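As provided, final.cif (mmCIF, C-alpha atoms (C1' of nucleotides)) reads as follows.
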```cif
data_coords
loop_
_atom_site.label_atom_id
_atom_site.label_comp_id
_atom_site.auth_asym_id
_atom_site.auth_seq_id
_atom_site.Cartn_x
_atom_site.Cartn_y
_atom_site.Cartn_z
CA MET A 1 -20.33 27.42 -21.39
CA ASN A 2 -18.87 28.74 -18.16
CA ASN A 3 -21.80 27.35 -16.20
CA LYS A 4 -20.83 23.93 -17.39
CA LEU A 5 -17.34 24.28 -15.97
CA LEU A 6 -18.69 25.69 -12.72
CA GLN A 7 -21.06 22.77 -12.33
CA GLU A 8 -18.33 20.29 -13.11
CA THR A 9 -15.92 21.71 -10.55
CA ARG A 10 -18.72 21.80 -8.00
CA MET A 11 -19.50 18.14 -8.59
CA LYS A 12 -15.81 17.29 -8.34
CA ARG A 13 -15.73 19.23 -5.08
CA TYR A 14 -18.50 17.12 -3.57
CA PHE A 15 -16.62 13.92 -4.30
CA ILE A 16 -13.31 15.34 -3.15
CA GLU A 17 -14.77 16.57 0.13
CA ALA A 18 -16.32 13.16 0.79
CA THR A 19 -13.00 11.50 0.03
CA ARG A 20 -11.11 13.89 2.31
CA ASN A 21 -13.47 13.19 5.21
CA ILE A 22 -13.06 9.46 4.86
CA LEU A 23 -9.27 9.72 4.55
CA ARG A 24 -9.01 11.90 7.62
CA SER A 25 -11.19 9.70 9.79
CA GLU A 26 -10.61 6.16 8.55
CA GLY A 27 -7.60 6.39 6.27
CA LEU A 28 -7.24 4.57 2.97
CA LYS A 29 -8.81 1.39 4.33
CA GLY A 30 -12.15 3.23 4.53
CA ILE A 31 -12.03 4.33 0.90
CA SER A 32 -14.29 2.64 -1.62
CA VAL A 33 -16.12 3.97 -4.65
CA ARG A 34 -19.51 3.17 -3.15
CA ASN A 35 -18.51 4.70 0.18
CA ILE A 36 -17.33 7.96 -1.31
CA ALA A 37 -20.38 8.27 -3.55
CA LYS A 38 -22.76 7.68 -0.67
CA ASP A 39 -21.11 10.43 1.38
CA ALA A 40 -21.17 12.73 -1.63
CA GLY A 41 -24.87 12.02 -2.15
CA TYR A 42 -24.59 10.43 -5.60
CA SER A 43 -24.44 7.02 -7.16
CA TYR A 44 -21.08 5.27 -7.42
CA ALA A 45 -21.26 5.35 -11.21
CA THR A 46 -21.63 9.13 -11.25
CA LEU A 47 -18.11 9.37 -9.90
CA TYR A 48 -16.79 8.06 -13.20
CA ASN A 49 -18.32 11.00 -15.07
CA TYR A 50 -15.88 13.28 -13.26
CA PHE A 51 -12.83 11.15 -12.52
CA ASN A 52 -10.99 8.54 -14.56
CA ASP A 53 -10.78 6.20 -11.60
CA VAL A 54 -10.84 6.22 -7.83
CA ARG A 55 -7.08 6.77 -7.53
CA ASP A 56 -7.24 9.98 -9.53
CA LEU A 57 -9.89 11.18 -7.10
CA VAL A 58 -7.87 10.18 -4.07
CA PHE A 59 -4.79 11.99 -5.34
CA GLU A 60 -6.78 15.16 -5.93
CA CYS A 61 -6.82 15.38 -2.14
CA VAL A 62 -3.04 15.58 -1.86
CA LYS A 63 -2.86 19.33 -2.49
CA ASP A 64 -5.57 20.02 0.09
CA PHE A 65 -3.88 17.94 2.73
CA GLN A 66 -0.51 19.53 2.00
CA HIS A 67 -2.04 22.91 2.64
CA GLU A 68 -3.61 21.67 5.86
CA CYS A 69 -0.32 20.18 6.98
CA GLU A 70 1.50 23.42 6.17
CA VAL A 71 -0.96 25.48 8.23
CA ASP A 72 -0.65 22.98 11.08
CA ILE A 73 3.14 23.29 11.04
CA SER A 74 3.02 27.10 10.82
CA ASN A 75 0.93 27.26 13.96
CA LYS A 76 3.20 24.92 15.82
CA VAL A 77 6.49 26.68 15.00
CA GLU A 78 5.20 30.19 15.67
CA GLY A 79 7.66 32.14 17.75
CA LYS A 80 10.68 29.99 16.92
CA SER A 81 13.68 31.90 15.64
CA ALA A 82 14.82 31.44 12.04
CA GLY A 83 17.44 28.84 11.22
CA ILE A 84 18.29 25.63 13.02
CA GLU A 85 15.76 26.09 15.83
CA ARG A 86 12.86 26.48 13.44
CA LEU A 87 14.14 23.76 11.10
CA LYS A 88 14.06 21.34 14.00
CA ALA A 89 10.63 22.54 15.08
CA ILE A 90 9.27 22.17 11.55
CA SER A 91 10.70 18.66 11.30
CA LYS A 92 9.03 17.63 14.54
CA ALA A 93 5.71 19.24 13.63
CA TYR A 94 5.88 17.49 10.25
CA VAL A 95 6.39 14.13 11.92
CA GLU A 96 3.63 14.82 14.46
CA TYR A 97 1.14 15.61 11.72
CA PHE A 98 1.61 12.19 10.14
CA LEU A 99 1.53 10.46 13.51
CA GLU A 100 -1.89 12.03 14.03
CA TYR A 101 -3.10 11.19 10.51
CA PRO A 102 -1.38 7.97 9.44
CA GLY A 103 -3.85 7.64 6.58
CA ILE A 104 -2.46 10.81 5.03
CA PHE A 105 1.09 9.49 5.31
CA GLU A 106 -0.11 6.45 3.41
CA LEU A 107 -1.67 8.67 0.77
CA PHE A 108 1.43 10.82 0.38
CA TYR A 109 4.16 8.22 0.35
CA ILE A 110 2.82 4.69 0.12
CA GLU A 111 -0.33 4.42 -2.00
CA LYS A 112 0.37 3.55 -5.62
CA MET A 113 -0.43 6.35 -8.01
CA SER A 114 -2.25 5.78 -11.29
CA ALA A 115 0.06 5.53 -14.24
CA TYR A 116 -0.91 8.60 -16.22
CA GLY A 117 -2.62 11.93 -15.70
CA ASN A 118 -1.08 14.29 -13.18
CA SER A 119 0.78 11.59 -11.30
CA LYS A 120 4.26 12.88 -12.17
CA GLU A 121 3.31 16.35 -10.97
CA SER A 122 1.83 14.93 -7.77
CA ALA A 123 5.00 12.94 -7.16
CA ARG A 124 7.21 16.02 -7.49
CA LEU A 125 4.89 17.96 -5.21
CA ILE A 126 5.19 15.30 -2.56
CA TYR A 127 8.95 14.88 -2.97
CA HIS A 128 9.71 18.55 -2.42
CA PHE A 129 6.93 19.30 0.06
CA LEU A 130 9.19 19.45 3.10
CA ASP A 131 11.83 21.40 1.17
CA ARG A 132 9.32 24.12 0.36
CA ILE A 133 8.24 24.59 3.97
CA CYS A 134 11.83 24.76 5.10
CA GLN A 135 13.17 26.92 2.28
CA PRO A 136 13.40 30.29 4.15
CA ASP A 137 15.21 28.64 7.01
CA TRP A 138 17.56 26.73 4.76
CA ASP A 139 18.45 30.04 3.10
CA PHE A 140 19.00 31.65 6.47
CA TYR A 141 21.13 28.74 7.64
CA ALA A 142 23.20 28.66 4.45
CA GLN A 143 23.94 32.38 4.64
CA LYS A 144 24.82 32.34 8.31
CA MET A 145 27.08 29.30 8.03
CA LYS A 146 28.39 30.27 4.57
CA LEU A 147 27.51 26.89 3.08
CA ASN A 148 27.33 26.31 -0.67
CA SER A 149 24.11 25.15 -2.27
CA ASP A 150 25.36 21.62 -2.99
CA PHE A 151 25.90 21.06 0.70
CA ILE A 152 22.44 22.42 1.51
CA GLU A 153 20.85 20.18 -1.12
CA ARG A 154 22.52 17.20 0.47
CA LEU A 155 21.15 18.19 3.86
CA LYS A 156 17.65 18.63 2.41
CA ASP A 157 17.86 15.15 0.92
CA GLN A 158 19.12 13.73 4.19
CA LEU A 159 16.29 15.32 6.18
CA ARG A 160 13.64 14.15 3.71
CA PHE A 161 14.88 10.56 3.62
CA THR A 162 15.42 10.35 7.37
CA LEU A 163 11.98 11.65 8.37
CA THR A 164 10.14 9.59 5.76
CA GLY A 165 12.16 6.48 6.54
CA MET A 166 11.54 6.86 10.26
CA LEU A 167 7.81 7.36 9.78
CA LEU A 168 7.63 4.37 7.45
CA PHE A 169 9.22 2.09 10.03
CA TYR A 170 7.26 3.46 12.95
CA LEU A 171 3.82 3.54 11.31
CA ASN A 172 4.13 0.38 9.21
CA ARG A 173 6.47 -1.82 11.20
CA SER A 174 6.02 -0.53 14.76
CA SER A 175 9.74 0.07 15.08
CA PRO A 176 11.00 1.57 17.32
CA ASP A 177 8.77 -0.14 19.86
CA ASN A 178 7.20 2.92 21.44
CA TYR A 179 6.72 6.65 21.03
CA ALA A 180 9.39 7.63 23.54
CA GLU A 181 12.05 5.62 21.75
CA PHE A 182 10.91 6.94 18.41
CA ILE A 183 11.26 10.55 19.59
CA GLN A 184 14.66 9.82 21.07
CA VAL A 185 15.97 8.43 17.78
CA LEU A 186 14.40 11.38 15.96
CA GLU A 187 16.17 13.87 18.23
CA GLN A 188 19.49 12.12 17.66
CA GLN A 189 19.07 12.20 13.90
CA LEU A 190 17.98 15.85 13.84
CA ASN A 191 20.77 17.01 16.12
CA TYR A 192 23.32 15.35 13.91
CA ILE A 193 22.04 16.88 10.68
CA TRP A 194 22.83 20.37 11.93
CA GLU A 195 26.03 19.25 13.68
CA MET B 1 2.50 -38.06 15.15
CA ASN B 2 5.69 -36.94 13.43
CA ASN B 3 4.31 -37.82 10.02
CA LYS B 4 1.51 -35.39 10.66
CA LEU B 5 3.95 -32.56 11.27
CA LEU B 6 6.01 -33.52 8.24
CA GLN B 7 2.94 -33.51 6.04
CA GLU B 8 1.83 -30.19 7.40
CA THR B 9 5.16 -28.48 6.82
CA ARG B 10 5.26 -29.98 3.33
CA MET B 11 1.84 -28.56 2.52
CA LYS B 12 2.87 -25.18 3.90
CA ARG B 13 5.98 -25.37 1.75
CA TYR B 14 3.92 -25.84 -1.43
CA PHE B 15 1.90 -22.74 -0.72
CA ILE B 16 4.93 -20.72 0.34
CA GLU B 17 6.84 -21.68 -2.80
CA ALA B 18 3.90 -20.67 -4.99
CA THR B 19 3.66 -17.36 -3.14
CA ARG B 20 7.38 -16.74 -3.50
CA ASN B 21 7.27 -17.31 -7.23
CA ILE B 22 4.41 -14.90 -7.70
CA LEU B 23 6.04 -12.26 -5.49
CA ARG B 24 9.30 -12.50 -7.37
CA SER B 25 7.77 -12.26 -10.82
CA GLU B 26 4.68 -10.09 -10.42
CA GLY B 27 4.99 -8.57 -6.95
CA LEU B 28 2.15 -8.14 -4.52
CA LYS B 29 -0.29 -7.11 -7.24
CA GLY B 30 -0.15 -10.67 -8.58
CA ILE B 31 -1.02 -12.21 -5.22
CA SER B 32 -4.49 -13.62 -4.69
CA VAL B 33 -5.69 -16.62 -2.74
CA ARG B 34 -7.00 -18.34 -5.85
CA ASN B 35 -3.79 -17.55 -7.74
CA ILE B 36 -1.54 -18.97 -5.07
CA ALA B 37 -3.66 -22.09 -4.64
CA LYS B 38 -3.71 -22.77 -8.37
CA ASP B 39 0.10 -22.57 -8.55
CA ALA B 40 0.36 -24.78 -5.47
CA GLY B 41 -1.97 -27.35 -7.04
CA TYR B 42 -4.72 -27.13 -4.43
CA SER B 43 -8.04 -25.45 -3.93
CA TYR B 44 -8.13 -21.93 -2.52
CA ALA B 45 -10.04 -23.18 0.51
CA THR B 46 -7.25 -25.63 1.38
CA LEU B 47 -4.96 -22.72 2.02
CA TYR B 48 -7.02 -21.81 5.08
CA ASN B 49 -6.31 -25.20 6.63
CA TYR B 50 -2.65 -24.20 6.94
CA PHE B 51 -2.64 -20.41 7.26
CA ASN B 52 -4.87 -18.02 9.19
CA ASP B 53 -5.13 -15.70 6.23
CA VAL B 54 -3.30 -14.76 3.08
CA ARG B 55 -1.17 -12.13 4.82
CA ASP B 56 0.26 -14.67 7.23
CA LEU B 57 1.24 -16.75 4.23
CA VAL B 58 2.80 -13.79 2.44
CA PHE B 59 4.85 -12.85 5.50
CA GLU B 60 6.16 -16.38 5.84
CA CYS B 61 8.16 -15.52 2.73
CA VAL B 62 10.02 -12.67 4.40
CA LYS B 63 12.67 -14.91 5.99
CA ASP B 64 13.30 -16.69 2.70
CA PHE B 65 13.71 -13.48 0.79
CA GLN B 66 15.98 -12.03 3.47
CA HIS B 67 18.24 -15.03 3.07
CA GLU B 68 18.20 -14.67 -0.69
CA CYS B 69 19.00 -10.98 -0.42
CA GLU B 70 21.83 -11.71 1.99
CA VAL B 71 23.38 -14.25 -0.39
CA ASP B 72 22.99 -11.81 -3.27
CA ILE B 73 24.80 -9.10 -1.31
CA SER B 74 27.55 -11.49 -0.18
CA ASN B 75 28.31 -12.37 -3.77
CA LYS B 76 28.39 -8.77 -4.85
CA VAL B 77 30.73 -7.50 -2.12
CA GLU B 78 33.18 -10.38 -2.36
CA GLY B 79 36.73 -9.10 -2.38
CA LYS B 80 35.95 -5.74 -0.83
CA SER B 81 38.07 -4.88 2.20
CA ALA B 82 36.46 -4.67 5.63
CA GLY B 83 35.14 -1.35 6.90
CA ILE B 84 33.93 1.64 4.95
CA GLU B 85 34.58 0.17 1.52
CA ARG B 86 32.50 -2.91 2.22
CA LEU B 87 29.82 -0.94 4.09
CA LYS B 88 29.34 1.18 0.99
CA ALA B 89 29.34 -1.86 -1.27
CA ILE B 90 26.77 -3.61 0.94
CA SER B 91 24.55 -0.53 0.91
CA LYS B 92 24.64 -0.36 -2.86
CA ALA B 93 24.03 -4.07 -3.28
CA TYR B 94 21.12 -3.81 -0.85
CA VAL B 95 19.57 -1.00 -2.88
CA GLU B 96 20.17 -2.85 -6.14
CA TYR B 97 18.39 -5.94 -4.85
CA PHE B 98 15.20 -3.99 -4.21
CA LEU B 99 15.48 -2.15 -7.51
CA GLU B 100 15.51 -5.56 -9.18
CA TYR B 101 12.65 -6.91 -7.06
CA PRO B 102 10.38 -3.97 -6.17
CA GLY B 103 7.70 -6.41 -5.07
CA ILE B 104 9.96 -7.62 -2.28
CA PHE B 105 10.58 -4.05 -1.14
CA GLU B 106 6.82 -3.70 -0.94
CA LEU B 107 6.58 -6.89 1.09
CA PHE B 108 9.36 -5.87 3.48
CA TYR B 109 8.50 -2.27 4.16
CA ILE B 110 5.11 -1.28 2.79
CA GLU B 111 2.55 -4.07 2.97
CA LYS B 112 0.43 -3.98 6.10
CA MET B 113 1.10 -6.86 8.45
CA SER B 114 -1.69 -8.80 10.12
CA ALA B 115 -2.35 -7.69 13.66
CA TYR B 116 -1.36 -10.79 15.61
CA GLY B 117 0.76 -13.88 15.20
CA ASN B 118 4.43 -13.40 14.46
CA SER B 119 4.04 -9.88 13.11
CA LYS B 120 6.07 -8.20 15.87
CA GLU B 121 8.89 -10.64 15.32
CA SER B 122 8.75 -10.10 11.56
CA ALA B 123 8.84 -6.34 12.06
CA ARG B 124 11.97 -6.54 14.22
CA LEU B 125 13.59 -8.87 11.71
CA ILE B 126 12.95 -6.37 8.94
CA TYR B 127 14.00 -3.36 10.99
CA HIS B 128 17.41 -4.79 11.84
CA PHE B 129 18.01 -6.71 8.63
CA LEU B 130 20.55 -4.27 7.22
CA ASP B 131 22.23 -3.90 10.62
CA ARG B 132 22.85 -7.64 10.80
CA ILE B 133 24.50 -7.80 7.39
CA CYS B 134 26.70 -4.84 8.23
CA GLN B 135 27.57 -5.84 11.80
CA PRO B 136 31.14 -7.14 11.23
CA ASP B 137 32.05 -4.06 9.28
CA TRP B 138 30.47 -1.71 11.81
CA ASP B 139 32.58 -3.40 14.48
CA PHE B 140 35.70 -3.05 12.37
CA TYR B 141 34.93 0.59 11.64
CA ALA B 142 34.20 1.40 15.31
CA GLN B 143 37.43 -0.18 16.47
CA LYS B 144 39.55 1.48 13.81
CA MET B 145 38.06 4.93 14.35
CA LYS B 146 37.68 4.48 18.12
CA LEU B 147 34.00 5.39 18.05
CA ASN B 148 31.65 4.62 20.94
CA SER B 149 28.64 2.40 20.44
CA ASP B 150 26.10 5.25 20.71
CA PHE B 151 27.69 6.94 17.74
CA ILE B 152 27.67 3.71 15.75
CA GLU B 153 24.01 3.11 16.60
CA ARG B 154 23.20 6.56 15.29
CA LEU B 155 25.03 5.81 12.06
CA LYS B 156 23.19 2.50 11.69
CA ASP B 157 19.88 4.32 12.13
CA GLN B 158 20.90 6.96 9.62
CA LEU B 159 21.90 4.39 7.02
CA ARG B 160 18.68 2.41 7.50
CA PHE B 161 16.41 5.43 7.25
CA THR B 162 18.29 6.94 4.32
CA LEU B 163 18.33 3.81 2.17
CA THR B 164 14.70 2.92 2.91
CA GLY B 165 13.55 6.51 2.41
CA MET B 166 15.37 6.78 -0.90
CA LEU B 167 13.96 3.50 -2.15
CA LEU B 168 10.45 4.52 -1.09
CA PHE B 169 10.64 7.76 -3.06
CA TYR B 170 12.27 6.20 -6.09
CA LEU B 171 10.10 3.09 -6.36
CA ASN B 172 6.77 4.62 -5.29
CA ARG B 173 7.04 8.23 -6.38
CA SER B 174 9.56 8.07 -9.25
CA SER B 175 11.74 10.64 -7.55
CA PRO B 176 14.53 11.33 -8.42
CA ASP B 177 13.48 11.27 -12.08
CA ASN B 178 15.93 8.68 -13.35
CA TYR B 179 18.39 6.02 -12.27
CA ALA B 180 21.49 8.16 -12.83
CA GLU B 181 20.21 10.90 -10.55
CA PHE B 182 19.13 8.36 -7.98
CA ILE B 183 22.59 6.83 -7.86
CA GLN B 184 24.20 10.25 -7.64
CA VAL B 185 22.09 11.19 -4.62
CA LEU B 186 22.80 7.79 -3.09
CA GLU B 187 26.56 8.29 -3.47
CA GLN B 188 26.36 11.71 -1.83
CA GLN B 189 24.42 10.35 1.11
CA LEU B 190 26.71 7.36 1.58
CA ASN B 191 29.89 9.42 1.33
CA TYR B 192 28.63 11.77 4.00
CA ILE B 193 27.68 9.05 6.46
CA TRP B 194 31.29 7.92 6.72
CA GLU B 195 32.66 11.49 6.44
"C1'" DC C 1 -45.60 26.00 -24.90
"C1'" DA C 2 -44.55 21.28 -26.70
"C1'" DA C 3 -41.48 18.09 -28.86
"C1'" DA C 4 -36.96 16.56 -29.90
"C1'" DT C 5 -32.50 16.20 -28.52
"C1'" DA C 6 -28.53 16.18 -25.64
"C1'" DT C 7 -26.73 15.43 -21.13
"C1'" DA C 8 -26.39 13.65 -16.62
"C1'" DA C 9 -27.38 10.14 -13.05
"C1'" DT C 10 -28.58 5.61 -12.13
"C1'" DT C 11 -29.25 0.60 -11.97
"C1'" DA C 12 -27.65 -3.86 -13.49
"C1'" DA C 13 -24.03 -6.51 -14.50
"C1'" DC C 14 -19.22 -8.36 -14.78
"C1'" DA C 15 -15.06 -10.00 -13.09
"C1'" DC C 16 -12.60 -9.90 -9.46
"C1'" DT C 17 -11.22 -10.11 -4.16
"C1'" DG C 18 -10.79 -12.73 0.82
"C1'" DT C 19 -13.08 -15.72 3.75
"C1'" DT C 20 -16.40 -19.20 5.74
"C1'" DC C 21 -19.00 -23.42 5.82
"C1'" DA C 22 -21.21 -27.61 4.80
"C1'" DC C 23 -20.03 -31.64 2.61
"C1'" DA C 24 -17.50 -35.48 0.16
"C1'" DG C 25 -13.67 -38.74 0.35
"C1'" DC C 26 -10.11 -40.75 2.70
"C1'" DT C 27 -7.31 -42.74 6.76
"C1'" DC C 28 -6.95 -45.20 10.66
"C1'" DA C 29 -8.18 -47.15 15.30
"C1'" DA C 30 -11.54 -50.08 17.56
"C1'" DT D 1 -16.05 -53.57 9.01
"C1'" DT D 2 -17.74 -49.84 11.13
"C1'" DG D 3 -17.38 -45.28 12.75
"C1'" DA D 4 -14.85 -41.13 13.98
"C1'" DG D 5 -11.79 -37.67 12.63
"C1'" DC D 6 -9.09 -35.42 9.32
"C1'" DT D 7 -8.29 -33.18 4.71
"C1'" DG D 8 -9.49 -31.07 0.55
"C1'" DT D 9 -13.32 -29.06 -1.99
"C1'" DG D 10 -16.96 -26.10 -4.38
"C1'" DA D 11 -20.72 -23.14 -3.28
"C1'" DA D 12 -21.85 -19.05 -1.27
"C1'" DC D 13 -21.32 -14.40 0.89
"C1'" DA D 14 -20.07 -9.81 1.14
"C1'" DG D 15 -17.19 -6.97 -0.58
"C1'" DT D 16 -14.16 -4.44 -4.45
"C1'" DG D 17 -13.54 -1.32 -9.09
"C1'" DT D 18 -15.37 -0.53 -13.44
"C1'" DT D 19 -18.44 -0.49 -17.67
"C1'" DA D 20 -22.69 -0.50 -20.48
"C1'" DA D 21 -27.35 0.13 -20.98
"C1'" DT D 22 -31.16 2.60 -19.31
"C1'" DT D 23 -33.73 6.03 -17.12
"C1'" DA D 24 -34.39 10.78 -15.66
"C1'" DT D 25 -33.36 15.51 -16.24
"C1'" DA D 26 -32.13 19.70 -18.71
"C1'" DT D 27 -31.66 22.21 -22.90
"C1'" DT D 28 -32.61 23.52 -27.40
"C1'" DT D 29 -35.53 23.83 -31.25
"C1'" DG D 30 -39.90 24.15 -33.94
#
```
Will you turn the file into C-alpha cells for me?
Amino acid sequence: MNNKLLQETRMKRYFIEATRNILRSEGLKGISVRNIAKDAGYSYATLYNYFNDVRDLVFECVKDFQHECEVDISNKVEGKSAGIERLKAISKAYVEYFLEYPGIFELFYIEKMSAYGNSKESARLIYHFLDRICQPDWDFYAQKMKLNSDFIERLKDQLRFTLTGMLLFYLNRSSPDNYAEFIQVLEQQLNYIWE
Amino acid sequence: MNNKLLQETRMKRYFIEATRNILRSEGLKGISVRNIAKDAGYSYATLYNYFNDVRDLVFECVKDFQHECEVDISNKVEGKSAGIERLKAISKAYVEYFLEYPGIFELFYIEKMSAYGNSKESARLIYHFLDRICQPDWDFYAQKMKLNSDFIERLKDQLRFTLTGMLLFYLNRSSPDNYAEFIQVLEQQLNYIWE
DNA sequence: CAAATATAATTAACACTGTTCACAGCTCAA
DNA sequence: TTGAGCTGTGAACAGTGTTAATTATATTTG
C-alpha cells in the first residue's frame, strides 16, 4: 500500500521536474502536455493519470520556485543589517529574480489558475510570499520605530503592490523604457516607503 | 484611390467591432480568429488581408476601450471638487471599470503584445493612461501644496503601480478574499498616497 | 508455476487553435 | 471583351489539451 504512494509521488516528481526545467529555460510559452511528457520520458496521456490537467501540474511547481527564489534572496542579502537596509536589499533581490526568470513571474502572478483543487491555497501562498521573507525585518522595523501593526500591514501591502505592479509593466509592457530607468523608479519608490 | 482606403478602414472596423463585443462579454478567452470572423460576417482567412495577426487586431481595440473607460470615469466623478477628492474618485472609478470588465484589464496589462508594429506606442499609451486622466488634478494638487514635479511624478508612479498591482492580485489570484476587504485595502492605500 | 485479474502506459481520435496558400469570383482599365 | 489585379474563401498544416479504447505490464489467485 505504501509502495503505491511512493511510486505515485515518484511519477509525479518526474513530470514536475520536466515542467520546472521547461519553465526555467523557456517560460510558459514552452509548456505543452506533449513537451512535458517527452522530457519526463512518458506518453502525454500518462500525465493525466497523475494530474487533473496541465495547469494543476504547472502550479505544483510554484512551491519549488518559491523556495529557490527564497534561497536566491538569502544569498544576495547576506551581511546586510536587519531592518530597512535588509528590507530594501530583499526587495531588490526579489525584483532581480523575476527579471532573470520572467517565466516564473508569469507563473506566479499572471497565469490563470484552474478553478478548483489547491488553487486558493496557491493564491494565498503567492500573495504573502514577499511578506514571509520580510517578516523578521518588518518586526525589527516596527519595534525600533514603535509602529503599530496596522501601519506595518499597510506598508507590506504597499511594497507588494508596488513591486508586482512595476514588474508587470516592465516585463509585459516594456515600461519604463530601459533597465536604468526601471531601477531609478524602483529606488524612488523604495526610499519613500521607509520615509 | 480614396475609395480603396475607405473600404479598407470599413472592413477593419467590422473586425474590430466584432472583437470588441467578444472582449466585453467573454474576455480574451472568447477570442479566436474563427469566432471574430463569424461575428464580423466574413471568413477567418479574410481577417489576414487586413491584420498581420490576431494580436494586432486585438490591440487595435485598446484605444477604443481607453476612451470608453475615460467616459465612464468622467461620468462617475462628475461633481467632485478638483484635487485630492477627485483624484480618489478617479482612482476608484478606474478600479471599478476593470472589476466590471476583467477581460479589458487582461487586454491592457496582461496579454502579450506582438513584437513589432505599434506595440511600443500601445505600451506607452497604457502605461500613462491613468496619468492622463488625472493630469488636471495632479496640477491642481501640486500648485495648492507647492510640491515640485519630481515629487508628483513619484506619486503618479505609486498610484499606477498600486492600483495595477491590487487589480492583478484581486482579479488573477483572488486576493484579498472578498470585495469588502479589497475595497478596505484600496482605501488605506489611497488615503496614504495623499497623506 | 500458470492463469486470471487488476493496473498502468500508450495510441488513436476529437475538437479546438492560428496561420498560410492556392484558387474562385469580381472589378476595372486597356 | 479581354486580361490583370484585387478580394474573399475553403482546404490544409502544424500545433494545442483532453478523453476513450486498447495494449502492455504487474499482481494476485488457483
Within 12 Å of chain D, which residues of chain B show up when using all atoms listed in the file, listed as a PyMOL selection string? chain B and resi 4+7-8+11+37+41-50
Could the residues of chain B that have an atom at most 10 Å from chain C be listed as a Markdown table, each with its closest atom pair and the distance in Å to one decimal, counting only C-alpha atoms (C1' of nucleotides) and ordered by chain and ascending residue number?
```
| residue | atom | partner | partner_atom | distance |
| --- | --- | --- | --- | --- |
| B:Ser32 | CA | C:DT17 | C1' | 7.6 |
| B:Val33 | CA | C:DG18 | C1' | 7.3 |
| B:Arg34 | CA | C:DT17 | C1' | 9.4 |
| B:Ala45 | CA | C:DT19 | C1' | 8.7 |
| B:Tyr48 | CA | C:DT19 | C1' | 8.7 |
| B:Asp53 | CA | C:DT19 | C1' | 8.3 |
| B:Val54 | CA | C:DG18 | C1' | 8.1 |
```
CA of Gly165 in chain B to CA of Ile84 in chain B: how many Å, to one decimal? 21.1 Å
What residues in chain A lie within 10 Å of chain B, counting only C-alpha atoms, written as a PyMOL selection string? chain A and resi 106+108-113+119-120+122-124+126-128+151+153-155+157-177+185-186+188-189+192
For Thr9 in chain B, please output as a CSV table (one decimal) with C-alpha atoms, in the coordinates of the input all residues within 12 Å (counting only C-alpha atoms (C1' of nucleotides); exclusion window: fewer than 6 positions along the same chain).
```
chain,number,residue,atom,x,y,z
B,2,ASN,CA,5.7,-36.9,13.4
B,3,ASN,CA,4.3,-37.8,10.0
B,15,PHE,CA,1.9,-22.7,-0.7
B,16,ILE,CA,4.9,-20.7,0.3
B,17,GLU,CA,6.8,-21.7,-2.8
B,49,ASN,CA,-6.3,-25.2,6.6
B,50,TYR,CA,-2.6,-24.2,6.9
B,51,PHE,CA,-2.6,-20.4,7.3
```
Separation of CA of Arg132 in chain A from CA of Lys156 in chain A, in Å and rounded to one decimal: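 Going from CA of Arg132 in chain A over to CA of Lys156 in chain A, I get 10.2 Å.
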Would you list the contacts of Asp137 in chain A as a list of chain:residue names, taking every protein, DNA or RNA residue within 9 Å and counting all atoms listed in the file, but skipping same-chain residues closer than 4 positions in sequence? A:Ala82, A:Gly83, A:Ile84, A:Arg86, A:Leu87, A:Ile133, A:Tyr141, A:Ala142
Selection export as a tab-separated table (two decimals), in the frame of the given file, atoms kept: C-alpha atoms:
```tsv
chain	number	residue	atom	x	y	z
A	82	ALA	CA	14.82	31.44	12.04
A	83	GLY	CA	17.44	28.84	11.22
A	84	ILE	CA	18.29	25.63	13.02
A	86	ARG	CA	12.86	26.48	13.44
A	87	LEU	CA	14.14	23.76	11.10
A	133	ILE	CA	8.24	24.59	3.97
A	141	TYR	CA	21.13	28.74	7.64
A	142	ALA	CA	23.20	28.66	4.45
```
CA of Ile104 in chain A to CA of Asp56 in chain A: how many Å, to one decimal? 15.3 Å
